[in-house]
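Asks: I am sharing upload_8.csv, which consists of CSV, C-alpha atoms:
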```csv
chain,number,residue,atom,x,y,z
A,206,MET,CA,7.2,33.6,6.5
A,207,ALA,CA,8.4,31.4,9.3
A,208,ASP,CA,12.0,30.1,9.4
A,209,LYS,CA,12.5,27.2,7.1
A,210,HIS,CA,14.5,24.3,8.4
A,211,VAL,CA,16.4,22.4,5.7
A,212,HIS,CA,18.7,19.4,5.7
A,213,THR,CA,20.1,17.2,3.0
A,214,PHE,CA,20.4,13.5,3.5
A,215,PRO,CA,22.0,10.7,1.5
A,216,GLY,CA,19.5,8.7,-0.6
A,217,ARG,CA,19.7,5.5,1.4
A,218,TYR,CA,17.1,3.5,3.2
A,219,ASP,CA,19.0,3.6,6.4
A,220,GLU,CA,18.7,7.4,6.4
A,221,ILE,CA,14.9,7.3,6.4
A,222,GLN,CA,14.6,7.1,10.1
A,223,ARG,CA,16.9,10.2,10.5
A,224,ILE,CA,14.7,12.0,7.9
A,225,CYS,CA,11.6,11.0,9.9
A,226,GLN,CA,13.2,12.2,13.1
A,227,PHE,CA,14.1,15.6,11.6
A,228,VAL,CA,10.6,16.2,10.4
A,229,ALA,CA,8.9,14.7,13.5
A,230,ASP,CA,10.9,17.0,15.7
A,231,GLY,CA,9.8,19.9,13.7
A,232,ALA,CA,6.1,18.9,13.8
A,233,ALA,CA,6.2,18.4,17.5
A,234,ALA,CA,7.9,21.8,17.9
A,235,CYS,CA,5.1,23.4,15.9
A,236,GLY,CA,2.6,21.9,18.3
A,237,LEU,CA,1.1,19.0,16.4
A,238,ASP,CA,-0.1,16.1,18.5
A,239,ALA,CA,1.4,12.6,18.6
A,240,THR,CA,-1.0,11.2,16.1
A,241,ALA,CA,-0.4,13.9,13.6
A,242,VAL,CA,3.4,13.6,14.1
A,243,PHE,CA,3.1,9.8,13.4
A,244,HIS,CA,1.1,10.5,10.2
A,245,ILE,CA,3.7,13.0,9.1
A,246,GLU,CA,6.5,10.6,9.9
A,247,LEU,CA,4.8,7.8,7.9
A,248,ALA,CA,4.1,10.1,4.9
A,249,CYS,CA,7.7,11.3,4.8
A,250,ASP,CA,9.0,7.8,5.1
A,251,GLU,CA,6.8,6.7,2.1
A,252,ALA,CA,7.8,9.8,0.1
A,253,CYS,CA,11.6,9.2,0.6
A,254,THR,CA,11.3,5.5,0.0
A,255,ASN,CA,9.7,6.3,-3.3
A,256,VAL,CA,12.5,8.8,-4.2
A,257,ILE,CA,15.2,6.2,-3.5
A,258,GLU,CA,13.3,3.3,-5.2
A,259,HIS,CA,11.8,5.1,-8.2
A,260,ALA,CA,13.4,8.5,-8.8
A,261,TYR,CA,17.0,7.4,-8.2
A,262,GLY,CA,16.4,3.7,-8.9
A,263,GLY,CA,18.5,2.6,-6.0
A,264,GLU,CA,20.5,3.6,-3.0
A,265,ASP,CA,23.4,6.1,-3.0
A,266,LEU,CA,22.5,7.5,-6.4
A,267,GLY,CA,21.5,11.0,-5.2
A,268,SER,CA,20.6,13.0,-2.2
A,269,ILE,CA,17.2,14.1,-0.7
A,270,ARG,CA,16.8,17.6,0.5
A,271,VAL,CA,14.1,17.9,3.2
A,272,GLY,CA,12.6,21.1,4.6
A,273,TRP,CA,9.9,22.0,7.0
A,274,HIS,CA,8.3,25.2,8.2
A,275,CYS,CA,5.1,26.3,9.9
A,276,VAL,CA,2.7,28.9,8.5
A,277,GLY,CA,-0.3,29.6,10.6
A,278,ASP,CA,-2.0,26.3,11.3
A,279,ALA,CA,-0.1,24.5,8.5
A,280,PHE,CA,3.0,22.3,8.8
A,281,ILE,CA,4.6,22.3,5.4
A,282,ILE,CA,7.2,19.7,4.3
A,283,THR,CA,9.2,19.8,1.0
A,284,ILE,CA,11.1,16.8,-0.3
A,285,HIS,CA,13.4,17.5,-3.2
A,286,ASP,CA,15.4,15.1,-5.4
A,287,ASN,CA,17.3,15.2,-8.7
A,288,GLY,CA,16.1,11.8,-9.9
A,289,ARG,CA,13.7,10.7,-12.6
A,290,SER,CA,10.4,12.5,-12.7
A,291,PHE,CA,7.1,10.5,-12.9
A,292,ASP,CA,3.4,11.0,-13.5
A,293,PRO,CA,1.7,10.5,-10.2
A,294,ASP,CA,-1.5,9.8,-12.0
A,295,ALA,CA,0.1,6.9,-13.8
A,296,VAL,CA,1.1,5.1,-10.6
A,297,PRO,CA,-1.1,2.1,-10.2
A,298,LYS,CA,-3.5,2.4,-7.3
A,299,PRO,CA,-3.3,-0.5,-4.8
A,300,SER,CA,-5.9,-3.1,-5.3
A,301,LEU,CA,-7.2,-3.3,-1.8
A,302,PRO,CA,-10.2,-5.2,-0.4
A,303,ASP,CA,-13.2,-2.9,0.2
A,304,LEU,CA,-15.6,-5.3,1.8
A,305,PRO,CA,-18.9,-4.9,3.7
A,306,GLU,CA,-18.7,-5.8,7.4
A,307,GLY,CA,-19.0,-9.5,8.0
A,308,ALA,CA,-17.9,-10.4,4.5
A,309,PRO,CA,-15.4,-13.2,4.2
A,310,PRO,CA,-11.8,-12.2,3.6
A,311,PRO,CA,-10.8,-11.6,0.0
A,312,ASP,CA,-8.6,-14.0,-2.0
A,313,ILE,CA,-5.0,-13.1,-1.1
A,314,ASP,CA,-3.9,-13.5,-4.7
A,315,ASP,CA,-6.3,-10.7,-5.7
A,316,VAL,CA,-4.6,-8.2,-3.4
A,317,LYS,CA,-2.0,-5.9,-5.0
A,318,VAL,CA,-0.1,-3.6,-2.7
A,319,GLY,CA,1.9,-1.5,-5.2
A,320,GLY,CA,1.2,2.2,-4.9
A,321,LEU,CA,0.6,2.1,-1.2
A,322,GLY,CA,3.1,4.9,-0.6
A,323,ILE,CA,1.1,7.6,-2.5
A,324,HIS,CA,-2.1,6.1,-1.1
A,325,PHE,CA,-0.7,6.7,2.4
A,326,MET,CA,0.4,10.2,1.6
A,327,GLU,CA,-3.0,11.1,0.2
A,328,GLN,CA,-4.8,9.6,3.2
A,329,LEU,CA,-2.5,11.1,5.9
A,330,MET,CA,-1.9,14.6,4.7
A,331,ASP,CA,-4.2,17.5,4.0
A,332,GLU,CA,-2.5,18.5,0.8
A,333,ILE,CA,0.0,16.9,-1.5
A,334,SER,CA,1.5,18.3,-4.7
A,335,PHE,CA,4.3,17.3,-7.0
A,336,SER,CA,6.4,19.6,-9.2
A,337,PHE,CA,8.8,18.4,-11.8
A,338,ASP,CA,11.5,20.4,-13.5
A,339,GLY,CA,14.1,18.7,-15.6
A,340,ASP,CA,16.9,21.0,-14.5
A,341,ALA,CA,15.8,21.9,-11.0
A,342,GLY,CA,14.6,18.4,-10.0
A,343,ASN,CA,11.5,17.1,-8.4
A,344,THR,CA,9.8,18.6,-5.4
A,345,LEU,CA,7.0,17.1,-3.3
A,346,THR,CA,5.1,19.3,-1.0
A,347,LEU,CA,3.1,17.8,1.9
A,348,VAL,CA,0.9,19.9,4.2
A,349,LYS,CA,-0.6,18.8,7.5
A,350,LYS,CA,-3.1,21.2,9.2
A,351,ASN,CA,-2.8,21.6,13.0
A,352,VAL,CA,-6.4,21.2,14.0
B,1004,MET,CA,9.9,8.6,17.7
B,1005,SER,CA,9.9,4.8,17.6
B,1006,ASP,CA,12.6,2.3,18.6
B,1007,VAL,CA,15.5,2.3,16.2
B,1008,THR,CA,16.0,-1.4,15.8
B,1009,MET,CA,13.9,-4.4,15.0
B,1010,ASN,CA,14.1,-7.6,17.0
B,1011,PHE,CA,12.8,-10.9,15.7
B,1012,SER,CA,12.5,-14.1,17.8
B,1013,VAL,CA,10.9,-17.5,17.0
B,1014,GLU,CA,9.4,-20.1,19.3
B,1015,SER,CA,8.7,-23.4,17.6
B,1016,MET,CA,5.5,-25.0,18.9
B,1017,LYS,CA,3.9,-28.3,17.9
B,1018,ARG,CA,1.9,-27.0,15.0
B,1019,VAL,CA,2.7,-23.4,14.9
B,1020,GLU,CA,5.7,-21.0,14.9
B,1021,LEU,CA,5.2,-18.1,17.3
B,1022,ILE,CA,7.2,-15.1,16.1
B,1023,THR,CA,7.6,-12.0,18.2
B,1024,VAL,CA,8.7,-8.9,16.5
B,1025,THR,CA,9.5,-5.6,18.3
B,1026,GLY,CA,10.7,-2.2,17.2
B,1027,ARG,CA,10.5,-0.4,13.9
B,1028,ILE,CA,9.9,-1.9,10.5
B,1029,ASP,CA,10.5,0.3,7.5
B,1030,SER,CA,12.2,0.1,4.1
B,1031,SER,CA,15.7,-0.2,5.8
B,1032,ASN,CA,14.9,-3.5,7.4
B,1033,ALA,CA,11.7,-4.9,5.7
B,1034,ALA,CA,13.8,-7.3,3.6
B,1035,GLU,CA,15.4,-8.7,6.8
B,1036,PHE,CA,11.9,-9.0,8.3
B,1037,GLU,CA,10.5,-10.8,5.3
B,1038,GLY,CA,13.7,-12.9,5.0
B,1039,GLY,CA,13.2,-14.2,8.6
B,1040,LEU,CA,9.6,-15.2,7.8
B,1041,LYS,CA,10.5,-16.7,4.5
B,1042,GLU,CA,13.1,-18.9,6.1
B,1043,LEU,CA,10.3,-20.5,8.2
B,1044,THR,CA,7.9,-21.0,5.2
B,1045,SER,CA,10.7,-22.4,3.0
B,1046,ASN,CA,11.4,-25.0,5.8
B,1047,GLY,CA,7.8,-26.1,5.6
B,1048,ARG,CA,6.6,-24.1,8.6
B,1049,ALA,CA,3.5,-22.5,7.1
B,1050,ASN,CA,1.4,-21.9,10.2
B,1051,LEU,CA,2.6,-18.7,11.7
B,1052,VAL,CA,1.5,-16.5,14.6
B,1053,LEU,CA,3.1,-13.1,14.5
B,1054,ASN,CA,3.0,-11.1,17.7
B,1055,LEU,CA,3.2,-7.5,16.8
B,1056,SER,CA,2.4,-5.9,20.2
B,1057,GLY,CA,5.9,-4.5,20.4
B,1058,VAL,CA,6.1,-3.0,16.9
B,1059,THR,CA,6.2,0.7,17.4
B,1060,TYR,CA,6.2,1.7,13.7
B,1061,MET,CA,5.5,0.0,10.4
B,1062,SER,CA,5.6,1.5,6.9
B,1063,SER,CA,4.1,0.1,3.7
B,1064,ALA,CA,7.4,-1.8,3.2
B,1065,GLY,CA,6.5,-3.8,6.3
B,1066,LEU,CA,3.0,-4.4,5.1
B,1067,ARG,CA,4.3,-5.7,1.8
B,1068,ALA,CA,6.4,-8.2,3.7
B,1069,LEU,CA,3.3,-9.3,5.7
B,1070,VAL,CA,1.2,-9.8,2.5
B,1071,SER,CA,4.0,-11.6,0.7
B,1072,THR,CA,4.4,-14.0,3.7
B,1073,LEU,CA,0.6,-14.6,4.0
B,1074,LYS,CA,0.6,-15.5,0.2
B,1075,GLU,CA,3.5,-17.9,0.9
B,1076,CYS,CA,1.7,-19.5,3.8
B,1077,LYS,CA,-1.6,-19.9,1.9
B,1078,LYS,CA,0.2,-21.4,-1.0
B,1079,ARG,CA,1.5,-24.1,1.4
B,1080,SER,CA,-2.0,-24.6,2.9
B,1081,GLY,CA,-1.1,-22.7,6.0
B,1082,ASP,CA,-1.9,-19.3,7.4
B,1083,MET,CA,-0.3,-16.4,9.2
B,1084,ARG,CA,-2.4,-14.9,12.0
B,1085,LEU,CA,-1.6,-11.8,14.0
B,1086,ALA,CA,-1.6,-11.5,17.8
B,1087,ALA,CA,-2.1,-8.2,19.6
B,1088,PRO,CA,-1.0,-5.8,16.9
B,1089,SER,CA,0.0,-2.5,18.4
B,1090,GLU,CA,-2.2,0.6,17.9
B,1091,ARG,CA,0.2,1.9,15.2
B,1092,VAL,CA,0.3,-1.4,13.3
B,1093,ALA,CA,-3.5,-1.7,13.5
B,1094,GLU,CA,-3.9,1.9,12.1
B,1095,VAL,CA,-1.5,1.2,9.2
B,1096,LEU,CA,-3.3,-2.1,8.4
B,1097,THR,CA,-6.6,-0.2,8.3
B,1098,LEU,CA,-5.2,2.7,6.3
B,1099,ALA,CA,-4.0,0.2,3.7
B,1100,GLY,CA,-7.4,-1.6,3.7
B,1101,LEU,CA,-5.6,-4.8,4.7
B,1102,ASP,CA,-7.1,-5.4,8.1
B,1103,SER,CA,-9.7,-7.8,6.7
B,1104,LEU,CA,-7.0,-9.9,5.1
B,1105,PHE,CA,-5.5,-11.1,8.4
B,1106,GLN,CA,-7.1,-13.0,11.2
B,1107,MET,CA,-6.2,-11.1,14.4
B,1108,TYR,CA,-6.3,-12.2,18.0
B,1109,ASP,CA,-5.9,-10.4,21.3
B,1110,ASP,CA,-3.0,-12.5,22.6
B,1111,ASP,CA,-0.6,-15.3,21.7
B,1112,THR,CA,-2.6,-18.0,23.4
B,1113,THR,CA,-5.8,-17.4,21.5
B,1114,ALA,CA,-3.9,-17.0,18.2
B,1115,VAL,CA,-1.9,-20.2,18.7
B,1116,GLY,CA,-5.0,-22.1,19.8
B,1117,SER,CA,-6.8,-21.0,16.6
B,1118,PHE,CA,-4.8,-23.4,14.5
```
Write out the structure in this file as C-alpha coordinates.
Replies:
Amino acid sequence: MADKHVHTFPGRYDEIQRICQFVADGAAACGLDATAVFHIELACDEACTNVIEHAYGGEDLGSIRVGWHCVGDAFIITIHDNGRSFDPDAVPKPSLPDLPEGAPPPDIDDVKVGGLGIHFMEQLMDEISFSFDGDAGNTLTLVKKNV
Amino acid sequence: MSDVTMNFSVESMKRVELITVTGRIDSSNAAEFEGGLKELTSNGRANLVLNLSGVTYMSSAGLRALVSTLKECKKRSGDMRLAAPSERVAEVLTLAGLDSLFQMYDDDTTAVGSF
(Lines of atoms letter the chains of each structure in order from A and count residues from 1; the text may use other names and numbers.)
(Lines give C-alpha, C1' and ligand atoms only; values in the text may rest on other atoms or scores of the structure.)
Protein backbone atom coordinates (compact mmCIF):
# COMPACT_ATOMS: atom_id res chain seq x y z
CA MET A 1 0.00 0.00 0.00
CA ALA A 2 1.36 3.42 -0.96
CA ASP A 3 1.68 6.15 1.65
CA LYS A 4 -1.60 7.84 2.36
CA HIS A 5 -1.64 11.61 2.69
CA VAL A 6 -4.36 12.93 4.96
CA HIS A 7 -5.34 16.41 6.04
CA THR A 8 -8.33 17.75 7.95
CA PHE A 9 -9.87 21.03 6.85
CA PRO A 10 -12.55 23.26 8.43
CA GLY A 11 -15.90 22.87 6.66
CA ARG A 12 -15.98 26.27 5.03
CA TYR A 13 -16.33 27.34 1.41
CA ASP A 14 -13.17 29.42 1.60
CA GLU A 15 -11.24 26.23 2.43
CA ILE A 16 -12.30 24.52 -0.79
CA GLN A 17 -9.45 25.94 -2.79
CA ARG A 18 -6.92 24.69 -0.20
CA ILE A 19 -8.53 21.24 -0.38
CA CYS A 20 -8.32 21.33 -4.18
CA GLN A 21 -4.67 22.37 -3.96
CA PHE A 22 -3.87 19.53 -1.54
CA VAL A 23 -5.43 16.93 -3.84
CA ALA A 24 -4.20 18.49 -7.10
CA ASP A 25 -0.62 18.51 -5.79
CA GLY A 26 -0.99 14.82 -4.98
CA ALA A 27 -2.42 13.99 -8.39
CA ALA A 28 0.41 15.83 -10.13
CA ALA A 29 2.97 14.06 -7.94
CA CYS A 30 1.41 10.73 -8.97
CA GLY A 31 1.98 11.64 -12.62
CA LEU A 32 -1.54 12.56 -13.76
CA ASP A 33 -1.69 15.07 -16.59
CA ALA A 34 -3.07 18.61 -16.34
CA THR A 35 -6.52 17.67 -17.64
CA ALA A 36 -6.87 14.80 -15.17
CA VAL A 37 -5.68 17.07 -12.35
CA PHE A 38 -8.33 19.64 -13.32
CA HIS A 39 -11.01 16.91 -13.31
CA ILE A 40 -9.91 15.73 -9.87
CA GLU A 41 -9.88 19.29 -8.57
CA LEU A 42 -13.41 19.89 -9.86
CA ALA A 43 -14.75 16.59 -8.48
CA CYS A 44 -13.26 17.32 -5.02
CA ASP A 45 -14.64 20.85 -5.09
CA GLU A 46 -18.14 19.53 -5.84
CA ALA A 47 -17.86 16.79 -3.18
CA CYS A 48 -16.71 19.19 -0.45
CA THR A 49 -19.28 21.82 -1.41
CA ASN A 50 -21.96 19.13 -1.00
CA VAL A 51 -20.55 18.16 2.42
CA ILE A 52 -20.76 21.76 3.66
CA GLU A 53 -24.13 22.49 2.05
CA HIS A 54 -25.98 19.22 2.63
CA ALA A 55 -24.17 17.02 5.17
CA TYR A 56 -23.40 19.83 7.63
CA GLY A 57 -26.11 22.21 6.46
CA GLY A 58 -23.81 25.24 6.56
CA GLU A 59 -20.31 26.50 7.18
CA ASP A 60 -18.24 25.93 10.34
CA LEU A 61 -20.44 23.06 11.52
CA GLY A 62 -17.86 20.30 11.10
CA SER A 63 -14.60 19.35 9.49
CA ILE A 64 -13.71 17.52 6.29
CA ARG A 65 -10.93 14.93 6.32
CA VAL A 66 -9.38 14.47 2.91
CA GLY A 67 -6.90 11.76 1.97
CA TRP A 68 -5.20 10.67 -1.22
CA HIS A 69 -2.90 7.87 -2.28
CA CYS A 70 -1.77 6.14 -5.44
CA VAL A 71 -2.17 2.42 -6.02
CA GLY A 72 -0.85 1.24 -9.36
CA ASP A 73 -2.52 3.37 -12.01
CA ALA A 74 -5.24 4.55 -9.65
CA PHE A 75 -5.31 7.88 -7.80
CA ILE A 76 -7.66 7.38 -4.87
CA ILE A 77 -9.25 10.20 -2.86
CA THR A 78 -11.30 9.80 0.30
CA ILE A 79 -13.47 12.58 1.68
CA HIS A 80 -14.86 12.04 5.15
CA ASP A 81 -17.37 14.04 7.19
CA ASN A 82 -19.53 13.61 10.27
CA GLY A 83 -22.63 15.29 8.96
CA ARG A 84 -26.00 13.94 7.86
CA SER A 85 -25.98 10.94 5.56
CA PHE A 86 -28.04 10.90 2.40
CA ASP A 87 -29.23 8.56 -0.31
CA PRO A 88 -27.23 9.42 -3.44
CA ASP A 89 -29.91 7.78 -5.58
CA ALA A 90 -32.51 10.15 -4.11
CA VAL A 91 -30.61 13.27 -5.24
CA PRO A 92 -32.57 14.74 -8.16
CA LYS A 93 -30.73 14.52 -11.44
CA PRO A 94 -30.16 17.85 -13.14
CA SER A 95 -32.67 18.48 -15.91
CA LEU A 96 -30.31 19.41 -18.70
CA PRO A 97 -30.94 20.00 -22.35
CA ASP A 98 -30.08 17.04 -24.55
CA LEU A 99 -30.66 18.43 -27.99
CA PRO A 100 -29.74 17.29 -31.47
CA GLU A 101 -27.22 19.45 -33.30
CA GLY A 102 -28.79 22.53 -34.81
CA ALA A 103 -31.83 22.45 -32.57
CA PRO A 104 -32.94 25.76 -31.05
CA PRO A 105 -31.85 26.40 -27.46
CA PRO A 106 -34.21 25.03 -24.80
CA ASP A 107 -36.53 27.18 -22.73
CA ILE A 108 -34.43 28.49 -19.87
CA ASP A 109 -37.27 27.94 -17.39
CA ASP A 110 -37.15 24.20 -18.12
CA VAL A 111 -33.51 23.92 -17.05
CA LYS A 112 -32.94 22.71 -13.48
CA VAL A 113 -29.32 22.68 -12.34
CA GLY A 114 -29.70 21.00 -8.92
CA GLY A 115 -27.64 17.80 -8.56
CA LEU A 116 -24.85 19.03 -10.81
CA GLY A 117 -22.23 18.18 -8.18
CA ILE A 118 -22.85 14.42 -8.25
CA HIS A 119 -23.34 14.59 -12.03
CA PHE A 120 -19.86 16.14 -12.35
CA MET A 121 -18.26 13.57 -10.04
CA GLU A 122 -19.80 10.71 -12.01
CA GLN A 123 -18.70 12.21 -15.32
CA LEU A 124 -15.17 13.13 -14.26
CA MET A 125 -14.07 10.17 -12.17
CA ASP A 126 -13.66 6.49 -13.05
CA GLU A 127 -15.22 5.26 -9.81
CA ILE A 128 -17.29 6.90 -7.12
CA SER A 129 -18.71 5.26 -4.00
CA PHE A 130 -20.37 6.43 -0.80
CA SER A 131 -20.37 4.73 2.58
CA PHE A 132 -22.49 5.87 5.47
CA ASP A 133 -22.04 4.84 9.09
CA GLY A 134 -24.02 6.64 11.77
CA ASP A 135 -21.14 6.62 14.27
CA ALA A 136 -18.13 6.74 11.99
CA GLY A 137 -19.56 9.30 9.57
CA ASN A 138 -19.74 9.47 5.80
CA THR A 139 -16.96 8.61 3.40
CA LEU A 140 -16.87 9.33 -0.30
CA THR A 141 -14.23 7.52 -2.35
CA LEU A 142 -13.25 8.86 -5.76
CA VAL A 143 -10.92 7.03 -8.12
CA LYS A 144 -9.19 8.45 -11.19
CA LYS A 145 -7.19 6.11 -13.40
CA ASN A 146 -3.89 7.36 -14.81
CA VAL A 147 -4.26 6.34 -18.44
CA MET B 1 -3.78 25.42 -9.90
CA SER B 2 -5.91 28.38 -10.89
CA ASP B 3 -5.78 32.01 -9.73
CA VAL B 4 -6.91 32.53 -6.19
CA THR B 5 -9.15 35.53 -6.66
CA MET B 6 -11.96 36.64 -8.91
CA ASN B 7 -11.97 40.06 -10.55
CA PHE B 8 -15.13 41.56 -11.97
CA SER B 9 -15.32 44.73 -14.06
CA VAL B 10 -18.18 46.34 -15.96
CA GLU B 11 -18.08 48.62 -18.98
CA SER B 12 -21.40 50.28 -19.77
CA MET B 13 -22.08 50.60 -23.48
CA LYS B 14 -25.04 52.06 -25.32
CA ARG B 15 -27.25 48.98 -25.30
CA VAL B 16 -25.10 46.43 -23.52
CA GLU B 17 -23.10 45.93 -20.35
CA LEU B 18 -19.74 44.32 -21.04
CA ILE B 19 -18.58 42.39 -18.00
CA THR B 20 -15.08 40.98 -17.81
CA VAL B 21 -14.45 38.32 -15.20
CA THR B 22 -11.09 36.77 -14.42
CA GLY B 23 -9.77 34.22 -11.95
CA ARG B 24 -11.49 31.43 -10.13
CA ILE B 25 -15.24 31.07 -9.53
CA ASP B 26 -16.26 28.45 -6.97
CA SER B 27 -18.65 28.11 -4.05
CA SER B 28 -16.62 30.59 -1.98
CA ASN B 29 -17.31 33.50 -4.34
CA ALA B 30 -20.19 32.42 -6.62
CA ALA B 31 -22.64 34.48 -4.55
CA GLU B 32 -20.45 37.57 -5.02
CA PHE B 33 -20.27 36.84 -8.76
CA GLU B 34 -24.04 36.41 -9.02
CA GLY B 35 -24.60 39.49 -6.87
CA GLY B 36 -22.53 41.61 -9.24
CA LEU B 37 -24.59 40.42 -12.19
CA LYS B 38 -27.88 40.80 -10.31
CA GLU B 39 -27.04 44.40 -9.49
CA LEU B 40 -26.99 45.11 -13.23
CA THR B 41 -30.25 43.32 -14.05
CA SER B 42 -32.07 44.87 -11.11
CA ASN B 43 -31.04 48.28 -12.47
CA GLY B 44 -32.74 47.45 -15.74
CA ARG B 45 -29.57 46.42 -17.60
CA ALA B 46 -30.70 43.09 -19.06
CA ASN B 47 -28.45 42.86 -22.11
CA LEU B 48 -25.18 41.48 -20.85
CA VAL B 49 -22.00 40.28 -22.52
CA LEU B 50 -19.81 38.25 -20.21
CA ASN B 51 -16.18 37.88 -21.22
CA LEU B 52 -14.92 34.68 -19.61
CA SER B 53 -11.57 34.38 -21.36
CA GLY B 54 -9.69 34.98 -18.13
CA VAL B 55 -11.70 32.58 -15.96
CA THR B 56 -9.28 29.85 -15.00
CA TYR B 57 -11.71 27.69 -13.06
CA MET B 58 -15.48 27.43 -12.65
CA SER B 59 -17.40 24.92 -10.55
CA SER B 60 -21.12 24.15 -10.67
CA ALA B 61 -21.65 27.02 -8.22
CA GLY B 62 -20.50 29.40 -10.96
CA LEU B 63 -22.71 27.68 -13.52
CA ARG B 64 -25.74 28.09 -11.28
CA ALA B 65 -24.98 31.83 -11.12
CA LEU B 66 -24.81 31.96 -14.93
CA VAL B 67 -28.13 30.14 -15.35
CA SER B 68 -29.81 32.25 -12.69
CA THR B 69 -28.62 35.46 -14.38
CA LEU B 70 -29.69 34.25 -17.81
CA LYS B 71 -33.18 33.56 -16.43
CA GLU B 72 -33.25 37.07 -14.95
CA CYS B 73 -32.19 38.64 -18.26
CA LYS B 74 -34.78 36.67 -20.26
CA LYS B 75 -37.48 37.63 -17.78
CA ARG B 76 -36.66 41.26 -18.60
CA SER B 77 -36.66 40.57 -22.35
CA GLY B 78 -32.88 40.72 -22.47
CA ASP B 79 -30.13 38.15 -22.88
CA MET B 80 -26.73 37.25 -21.52
CA ARG B 81 -24.19 36.21 -24.14
CA LEU B 82 -20.73 34.79 -23.55
CA ALA B 83 -17.55 36.07 -25.17
CA ALA B 84 -14.42 33.95 -25.53
CA PRO B 85 -15.06 31.44 -22.74
CA SER B 86 -11.78 29.88 -21.63
CA GLU B 87 -11.10 26.23 -22.38
CA ARG B 88 -11.89 25.27 -18.77
CA VAL B 89 -15.19 27.18 -18.76
CA ALA B 90 -16.20 25.68 -22.11
CA GLU B 91 -15.45 22.19 -20.81
CA VAL B 92 -17.53 22.72 -17.67
CA LEU B 93 -20.45 24.13 -19.68
CA THR B 94 -20.34 21.10 -21.97
CA LEU B 95 -20.02 18.71 -19.06
CA ALA B 96 -23.15 20.22 -17.53
CA GLY B 97 -24.97 20.08 -20.87
CA LEU B 98 -25.50 23.84 -20.69
CA ASP B 99 -23.46 24.91 -23.69
CA SER B 100 -26.56 25.05 -25.91
CA LEU B 101 -28.22 27.43 -23.48
CA PHE B 102 -25.87 30.33 -24.08
CA GLN B 103 -25.02 32.18 -27.27
CA MET B 104 -21.24 32.22 -27.43
CA TYR B 105 -18.94 34.45 -29.49
CA ASP B 106 -15.22 34.49 -30.18
CA ASP B 107 -14.62 38.01 -28.88
CA ASP B 108 -16.19 41.05 -27.21
CA THR B 109 -16.78 42.95 -30.43
CA THR B 110 -18.83 40.19 -32.04
CA ALA B 111 -20.74 39.51 -28.84
CA VAL B 112 -21.58 43.18 -28.26
CA GLY B 113 -22.47 43.61 -31.94
CA SER B 114 -24.91 40.70 -31.75
CA PHE B 115 -27.38 42.80 -29.72
Asks: Define the interface residues of chain B facing chain A as those within 10 Å, counting only C-alpha atoms, and report them as an NGL selection string.
Replies: :B and (1004-1007 or 1027 or 1029-1032 or 1060-1064 or 1066-1067 or 1070-1071 or 1073-1075 or 1077-1078 or 1091 or 1095 or 1098-1106)
Asks: Neighbours of A:Asp340 within 12 Å (all atoms listed in the file; same-chain residues fewer than 5 positions away dropped), as a ChimeraX atom specification?
Replies: /A:286-290
Asks: Between A:Gly231, A:Gly216, A:Pro297, A:Gly342, which has the minimum distance to A:Asp265 (counting only C-alpha atoms)?
Replies: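 Among the listed residues, the smallest separation from A:Asp265 belongs to A:Gly216.
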Asks: Determine, counting all atoms listed in the file, which protein, DNA and RNA residues have an atom within 7 Å of an atom of A:Val348; residues of the same chain fewer than 4 positions away are not included. Present the result as a list in words.
Replies: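 The residues satisfying every condition are Ala279, Phe280, Ile281, Ile282, Met330, Asp331, Glu332 and Ile333 of chain A.
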Asks: Quick one: everything within 7 Å of B:Arg1084, counting all atoms listed in the file, minus sequence neighbours fewer than 4 positions away in the same chain. Send it as a PyMOL selection string.
Replies: chain B and resi 1051-1053+1105-1107+1114
Asks: To one decimal in Å, tell me the separation between atom CA of B:Asn1050 and atom CA of B:Asn1010.
Replies: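 Going from atom CA of B:Asn1050 over to atom CA of B:Asn1010 covers 20.3 Å.
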Asks: At what distance in Å, to one decimal, does atom CA of B:Lys1017 lie from atom CA of B:Ser1056?
Replies: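 These atoms are spaced 22.6 Å apart.
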Asks: Taking the point (3.6, 24.9, 16.4) as given in the file, collect each protein or nucleic acid residue that comes within 10 Å of it, counting only C-alpha atoms, and present the set as a PyMOL selection string.
Replies: chain A and resi 231-238+274-280+351
Asks: Interatomic distance between atom CA of A:Thr213 and atom CA of A:Thr346?
Replies: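 Straight-line distance from atom CA of A:Thr213 to atom CA of A:Thr346 works out to 15.7 Å.
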